[in-house]
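Student: Dropping a structure here in structure tokens format, bear with me for questions.
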Number of protein chains: 2
Amino acid sequence: MDGESIKQCLEESGLRCTPQRFAVMAFLAEHHGHPTAAEIFESVNRADPRLSRATTYNNLRDLVKAGLVREVAVEGRAARFDVKGMQHHHFICDRCGNVEDVEWYDLPKPASRFLGKRVVRECELIFRGLCTKCARGRASR
Amino acid sequence: MDGESIKQCLEESGLRCTPQRFAVMAFLAEHHGHPTAAEIFESVNRADPRLSRATTYNNLRDLVKAGLVREVAVEGRAARFDVKGMQHHHFICDRCGNVEDVEWYDLPKPASRFLGKRVVRECELIFRGLCTKCARGRASR
DNA sequence: ATGCCAGATTAGATATAGTCTAAATCTTCC
DNA sequence: GGAAGATTTAGACTATATCTAATCTGGCAT
């Protein structure tokens, strides 16, 4: 995702393309490792100190609300973020908490009686276990 | 789940059945609304002040580790807990954050090439949207 | 251009959720 | 009874995220 298309995304969502907001988006577009808010703040702020902590959180919230970014909650750890580009599932490591993408595949819809009057916006699959790195060192626990 | 089977569950998992641990388990067995740690603490402690906050967290962690209880992380809110009885999926309300059960149905396994060397322990489906109550009041937003 | 205004940003205070520490207490087993 | 280990506790502490109030910015009407 290049600079121009980020700008376009933001404006289509009714968000002004400020330097700070652009930087957060650009960082997420370049780093697919599901960074935490703190990682985003530290990295962007190091490169350009015009970004404050509060603004990082403000912008992440705006971007999530606008549907451009996804927030992944992880048990007992900081939330992680990724741009909603290609659809994918998630794998969360029990040991190190890292979030990884799993290639998308379609899921059967539940019978509507299971959902009742609820309004479903999206549906995601979460795998849990040990990531490749942690599985390798598993014996040394 | 009656008192006797709670006791049995705990002992089978190598956990002593202390009054505090039993109370946390019993509360979860009776309340299927996915309470937060704070709710569990307040409610149990009100009925029997022998339970402290730290013990609530300690026990929840032990129970999750033993596989008797599931922890559900919710974006921007406190984690929620439920006993791992019958298998089920989850629905999380965007608006009020409530977690509800969705009747279980089998999911197709991903092609193993999608998962690589990762070791999958479990796999859960999460629906997001508006719960029945929030969907009803949606216009008044 | 000028001035206004809503939106955006900021530092730092505050809130919330959860963990840690060290001492006290309870169980089990000899 | 006493040692060893598990459990509990109050309260301090940490991490994560939000709020506040002041300030800045950029677009727009004049």
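Letters A, B, ... mark the chains of the structure tokens in the order given; residue numbers begin at 1 per chain; ligand numbers begin at 1, in order shown.
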Least-squares fit chain B onto chain A by Cα, in order, and just send back the RMSD.

Tutor: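 The fitted C-alpha deviation between chain A and chain B is 0.1 Å.
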
Student: Using only C-alpha atoms (C1' of nucleotides), determine which residues of chain C fall within 8 Å of chain A; present them as a ChimeraX atom specification.

Tutor: /C:9-10,18

Student: Those residues with C-alpha atoms (C1' of nucleotides), as a PDB file, in the first residue's frame please?

Tutor:
```pdb
ATOM      1  C1'  DT C   9      -2.642  16.990  18.634  1.00  0.00           C
ATOM      2  C1'  DT C  10      -0.266  17.256  23.020  1.00  0.00           C
ATOM      3  C1'  DG C  18      -3.890  -7.293  36.356  1.00  0.00           C
TER       4       DG C  18
END
```

Student: How close does each residue of chain D get to chain B, giving the shortest atom pair and distance in Å to one decimal for every residue with an atom at most 10 Å away, counting only C-alpha atoms (C1' of nucleotides), sorted by chain and residue number, as CSV?

Tutor:
```
residue,atom,partner,partner_atom,distance
D:DA6,C1',B:Arg16,CA,8.6
D:DT7,C1',B:Thr18,CA,8.2
D:DT8,C1',B:Thr55,CA,6.5
D:DT9,C1',B:Ser52,CA,6.7
D:DA10,C1',B:Ser52,CA,8.6
D:DT16,C1',B:Gly76,CA,9.5
D:DA17,C1',B:Gly76,CA,7.9
```

Student: Using only C-alpha atoms, which chain A residues lie at most 9 Å away from chain B, written as a short mmCIF file (atom, residue, chain, number, x, y, z; two decimals) with N, CA and C atoms, in the first residue's frame?

Tutor:
```cif
data_model
loop_
_atom_site.label_atom_id
_atom_site.label_comp_id
_atom_site.auth_asym_id
_atom_site.auth_seq_id
_atom_site.Cartn_x
_atom_site.Cartn_y
_atom_site.Cartn_z
N GLU A 71 -8.33 -4.61 15.36
CA GLU A 71 -7.70 -4.73 16.67
C GLU A 71 -7.88 -6.17 17.13
N VAL A 72 -6.79 -6.78 17.56
CA VAL A 72 -6.86 -8.16 18.05
C VAL A 72 -6.53 -8.18 19.53
N ALA A 73 -7.49 -8.54 20.35
CA ALA A 73 -7.25 -8.61 21.80
C ALA A 73 -6.57 -9.93 22.11
N VAL A 74 -5.56 -9.89 22.96
CA VAL A 74 -4.85 -11.10 23.34
C VAL A 74 -4.89 -11.21 24.87
N GLU A 75 -5.24 -12.37 25.36
CA GLU A 75 -5.36 -12.59 26.79
C GLU A 75 -4.12 -12.11 27.53
N GLY A 76 -4.33 -11.23 28.48
CA GLY A 76 -3.27 -10.83 29.37
C GLY A 76 -2.15 -10.03 28.74
N ALA A 79 -3.21 -5.11 23.22
CA ALA A 79 -3.91 -5.37 21.96
C ALA A 79 -2.94 -5.20 20.81
N PHE A 91 -3.60 -16.68 14.21
CA PHE A 91 -3.03 -17.69 15.10
C PHE A 91 -2.37 -16.94 16.24
N CYS A 93 -0.05 -17.27 19.68
CA CYS A 93 0.82 -18.20 20.40
C CYS A 93 0.57 -18.12 21.90
N ASP A 94 0.30 -19.29 22.50
CA ASP A 94 0.07 -19.37 23.94
C ASP A 94 1.28 -18.87 24.71
N VAL A 102 -3.14 -16.44 9.25
CA VAL A 102 -3.36 -17.75 8.64
C VAL A 102 -4.20 -17.50 7.39
N GLU A 103 -3.78 -18.10 6.31
CA GLU A 103 -4.44 -17.85 5.04
C GLU A 103 -5.95 -18.04 5.15
N TRP A 104 -6.68 -17.17 4.51
CA TRP A 104 -8.12 -17.20 4.60
C TRP A 104 -8.73 -18.41 3.91
N TYR A 105 -9.76 -18.97 4.52
CA TYR A 105 -10.61 -19.92 3.80
C TYR A 105 -12.02 -19.75 4.34
N LEU A 107 -15.74 -20.11 5.76
CA LEU A 107 -16.32 -20.85 6.86
C LEU A 107 -17.80 -21.05 6.60
N PRO A 108 -18.32 -22.17 7.04
CA PRO A 108 -19.76 -22.36 6.91
C PRO A 108 -20.48 -21.39 7.83
N PRO A 110 -23.34 -20.25 10.43
CA PRO A 110 -24.13 -20.99 11.40
C PRO A 110 -25.60 -20.95 11.00
N PHE A 114 -29.12 -20.24 15.51
CA PHE A 114 -28.08 -20.14 16.53
C PHE A 114 -27.81 -18.68 16.88
N LEU A 115 -28.10 -17.80 15.96
CA LEU A 115 -27.72 -16.40 16.17
C LEU A 115 -28.89 -15.53 16.61
N GLY A 116 -30.09 -15.97 16.39
CA GLY A 116 -31.26 -15.22 16.84
C GLY A 116 -31.33 -13.85 16.20
N LYS A 117 -31.59 -12.85 16.99
CA LYS A 117 -31.78 -11.50 16.46
C LYS A 117 -30.47 -10.71 16.45
N ARG A 118 -29.36 -11.39 16.71
CA ARG A 118 -28.09 -10.67 16.70
C ARG A 118 -27.73 -10.24 15.30
N VAL A 119 -27.03 -9.12 15.20
CA VAL A 119 -26.60 -8.62 13.90
C VAL A 119 -25.12 -8.90 13.76
N VAL A 120 -24.75 -9.81 12.88
CA VAL A 120 -23.35 -10.19 12.76
C VAL A 120 -22.64 -9.28 11.76
N ARG A 121 -21.57 -8.67 12.19
CA ARG A 121 -20.78 -7.80 11.33
C ARG A 121 -19.65 -8.58 10.70
N GLU A 122 -19.01 -9.41 11.48
CA GLU A 122 -17.93 -10.22 10.94
C GLU A 122 -17.73 -11.46 11.78
N CYS A 123 -16.88 -12.30 11.32
CA CYS A 123 -16.72 -13.61 11.91
C CYS A 123 -15.29 -14.01 11.68
N GLU A 124 -14.57 -14.33 12.73
CA GLU A 124 -13.17 -14.68 12.52
C GLU A 124 -12.81 -15.94 13.28
N LEU A 125 -11.81 -16.59 12.77
CA LEU A 125 -11.38 -17.84 13.34
C LEU A 125 -10.06 -17.59 14.04
N ILE A 126 -9.92 -18.07 15.24
CA ILE A 126 -8.68 -17.89 15.98
C ILE A 126 -8.12 -19.24 16.37
N PHE A 127 -6.90 -19.50 15.94
CA PHE A 127 -6.20 -20.72 16.33
C PHE A 127 -5.30 -20.38 17.50
N ARG A 128 -5.16 -21.31 18.42
CA ARG A 128 -4.25 -21.10 19.54
C ARG A 128 -3.33 -22.30 19.65
N GLY A 129 -2.14 -22.03 20.15
CA GLY A 129 -1.17 -23.11 20.31
C GLY A 129 0.21 -22.51 20.38
N LEU A 130 1.17 -23.21 19.80
CA LEU A 130 2.54 -22.73 19.84
C LEU A 130 2.98 -22.33 18.44
N CYS A 131 3.59 -21.15 18.33
CA CYS A 131 4.08 -20.73 17.03
C CYS A 131 5.32 -21.56 16.68
N THR A 132 5.76 -21.43 15.45
CA THR A 132 6.87 -22.25 14.98
C THR A 132 8.07 -22.14 15.90
N LYS A 133 8.37 -20.91 16.30
CA LYS A 133 9.56 -20.68 17.12
C LYS A 133 9.41 -21.33 18.49
N CYS A 134 8.23 -21.11 19.12
CA CYS A 134 8.02 -21.66 20.46
C CYS A 134 7.89 -23.17 20.43
N ALA A 135 7.32 -23.72 19.35
CA ALA A 135 7.16 -25.17 19.26
C ALA A 135 8.53 -25.84 19.20
N ARG A 136 9.47 -25.17 18.55
CA ARG A 136 10.81 -25.73 18.42
C ARG A 136 11.47 -25.85 19.79
#
```

Student: Could you list, as number ranges by chain, every residue within 9 Å of segment 64-66 of chain B, counting only C-alpha atoms (C1' of nucleotides) and ignoring same-chain residues fewer than 6 positions away?

Tutor: B: 10, 13-15, 81

Student: Determine which residues of segment 4-141 of chain A receive a DSSP assignment of strand (DSSP E or B), computed from the backbone, and state them as a PyMOL selection string.

Tutor: chain A and resi 36+69-72+80-83+88-93+99-103+119-130

Student: Neighbours of DG2 of chain D within 12 Å (only C-alpha atoms (C1' of nucleotides); same-chain residues fewer than 3 positions away dropped), as a ChimeraX atom specification?

Tutor: /C:28-30

Student: Mind writing the picked residues with N, CA and C atoms (P, O5', C5', C4', C3', O3' and C1' of nucleotides) as a PDB file, in the first residue's frame?

Tutor:
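out.pdb was written with the following content:
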```
ATOM      1  P    DT C  28      -5.408 -31.848  53.164  1.00  0.00           P
ATOM      2  O5'  DT C  28      -3.947 -32.472  53.116  1.00  0.00           O
ATOM      3  C5'  DT C  28      -2.999 -31.939  52.180  1.00  0.00           C
ATOM      4  C4'  DT C  28      -1.664 -32.633  52.345  1.00  0.00           C
ATOM      5  C3'  DT C  28      -1.765 -34.093  52.798  1.00  0.00           C
ATOM      6  O3'  DT C  28      -0.847 -34.841  52.004  1.00  0.00           O
ATOM      7  C1'  DT C  28      -0.381 -32.890  54.287  1.00  0.00           C
ATOM      8  P    DC C  29      -0.924 -36.451  52.002  1.00  0.00           P
ATOM      9  O5'  DC C  29       0.541 -36.823  52.495  1.00  0.00           O
ATOM     10  C5'  DC C  29       1.613 -35.889  52.274  1.00  0.00           C
ATOM     11  C4'  DC C  29       2.704 -36.134  53.288  1.00  0.00           C
ATOM     12  C3'  DC C  29       2.739 -37.565  53.836  1.00  0.00           C
ATOM     13  O3'  DC C  29       4.083 -38.013  53.855  1.00  0.00           O
ATOM     14  C1'  DC C  29       2.687 -36.025  55.610  1.00  0.00           C
ATOM     15  P    DC C  30       4.334 -39.610  54.068  1.00  0.00           P
ATOM     16  O5'  DC C  30       5.451 -39.610  55.208  1.00  0.00           O
ATOM     17  C5'  DC C  30       6.603 -38.774  55.067  1.00  0.00           C
ATOM     18  C4'  DC C  30       7.106 -38.369  56.441  1.00  0.00           C
ATOM     19  C3'  DC C  30       7.414 -39.549  57.355  1.00  0.00           C
ATOM     20  O3'  DC C  30       8.809 -39.590  57.652  1.00  0.00           O
ATOM     21  C1'  DC C  30       6.191 -37.847  58.501  1.00  0.00           C
TER      22       DC C  30
END
```

Student: Enumerate as a VMD selection string all residues of segment 43-115 of chain A assigned to helix (DSSP H, G or I) by DSSP on the backbone, naming them with the chain letters and numbers the document uses.

Tutor: chain A and resid 43 to 47 53 to 65 112 to 115

Student: Limited to N, CA and C atoms, could you put the picked residues into a file as a compact mmCIF listing (two decimals), in the first residue's frame?

Tutor:
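Full text of again35.txt as output:
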```txt
# COMPACT_ATOMS: atom_id res chain seq x y z
N SER A 43 8.18 3.26 17.55
CA SER A 43 8.87 3.23 16.27
C SER A 43 8.61 4.50 15.45
N VAL A 44 7.35 4.89 15.35
CA VAL A 44 7.03 6.08 14.56
C VAL A 44 7.62 7.32 15.22
N ASN A 45 7.48 7.40 16.53
CA ASN A 45 7.97 8.56 17.24
C ASN A 45 9.48 8.71 17.14
N ARG A 46 10.18 7.59 17.07
CA ARG A 46 11.63 7.64 16.96
C ARG A 46 12.02 8.27 15.62
N ALA A 47 11.30 7.87 14.58
CA ALA A 47 11.59 8.40 13.25
C ALA A 47 11.13 9.86 13.11
N ARG A 53 1.97 9.85 22.32
CA ARG A 53 1.34 8.60 22.73
C ARG A 53 -0.18 8.68 22.59
N ALA A 54 -0.74 9.77 23.10
CA ALA A 54 -2.20 9.92 23.05
C ALA A 54 -2.70 9.88 21.62
N THR A 55 -1.97 10.53 20.74
CA THR A 55 -2.40 10.55 19.34
C THR A 55 -2.32 9.17 18.72
N THR A 56 -1.33 8.39 19.12
CA THR A 56 -1.26 7.02 18.61
C THR A 56 -2.55 6.29 18.95
N TYR A 57 -2.94 6.37 20.21
CA TYR A 57 -4.17 5.69 20.62
C TYR A 57 -5.39 6.30 19.93
N ASN A 58 -5.46 7.62 19.88
CA ASN A 58 -6.60 8.28 19.21
C ASN A 58 -6.74 7.79 17.78
N ASN A 59 -5.62 7.81 17.08
CA ASN A 59 -5.68 7.45 15.66
C ASN A 59 -6.00 5.98 15.47
N LEU A 60 -5.42 5.13 16.31
CA LEU A 60 -5.74 3.71 16.18
C LEU A 60 -7.25 3.51 16.38
N ARG A 61 -7.79 4.22 17.36
CA ARG A 61 -9.23 4.06 17.58
C ARG A 61 -10.03 4.54 16.38
N ASP A 62 -9.64 5.70 15.85
CA ASP A 62 -10.34 6.23 14.67
C ASP A 62 -10.26 5.24 13.51
N LEU A 63 -9.08 4.68 13.31
CA LEU A 63 -8.88 3.78 12.18
C LEU A 63 -9.67 2.50 12.35
N VAL A 64 -9.74 2.02 13.58
CA VAL A 64 -10.54 0.82 13.84
C VAL A 64 -12.01 1.13 13.59
N LYS A 65 -12.44 2.30 14.11
CA LYS A 65 -13.85 2.67 13.94
C LYS A 65 -14.19 2.82 12.47
N SER A 112 -29.23 -19.96 11.23
CA SER A 112 -29.62 -18.65 11.75
C SER A 112 -30.27 -18.77 13.12
N ARG A 113 -30.83 -19.93 13.42
CA ARG A 113 -31.44 -20.06 14.74
C ARG A 113 -30.39 -19.96 15.85
N PHE A 114 -29.12 -20.24 15.51
CA PHE A 114 -28.08 -20.14 16.53
C PHE A 114 -27.81 -18.68 16.88
N LEU A 115 -28.10 -17.80 15.96
CA LEU A 115 -27.72 -16.40 16.17
C LEU A 115 -28.89 -15.53 16.61
```

Student: So that I can see what lies close to DC13 of chain D, please list as a ChimeraX atom specification the residues with an atom at most 12 Å from it, counting only C-alpha atoms (C1' of nucleotides) and leaving out residues fewer than 3 positions away in the same chain.

Tutor: /C:18-21

Student: Could you tell me how far atom C1' of DC4 of chain C sits from atom C1' of DT25 of chain D, in Å to one decimal place?

Tutor: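 Interatomic distance here is 12.5 Å.
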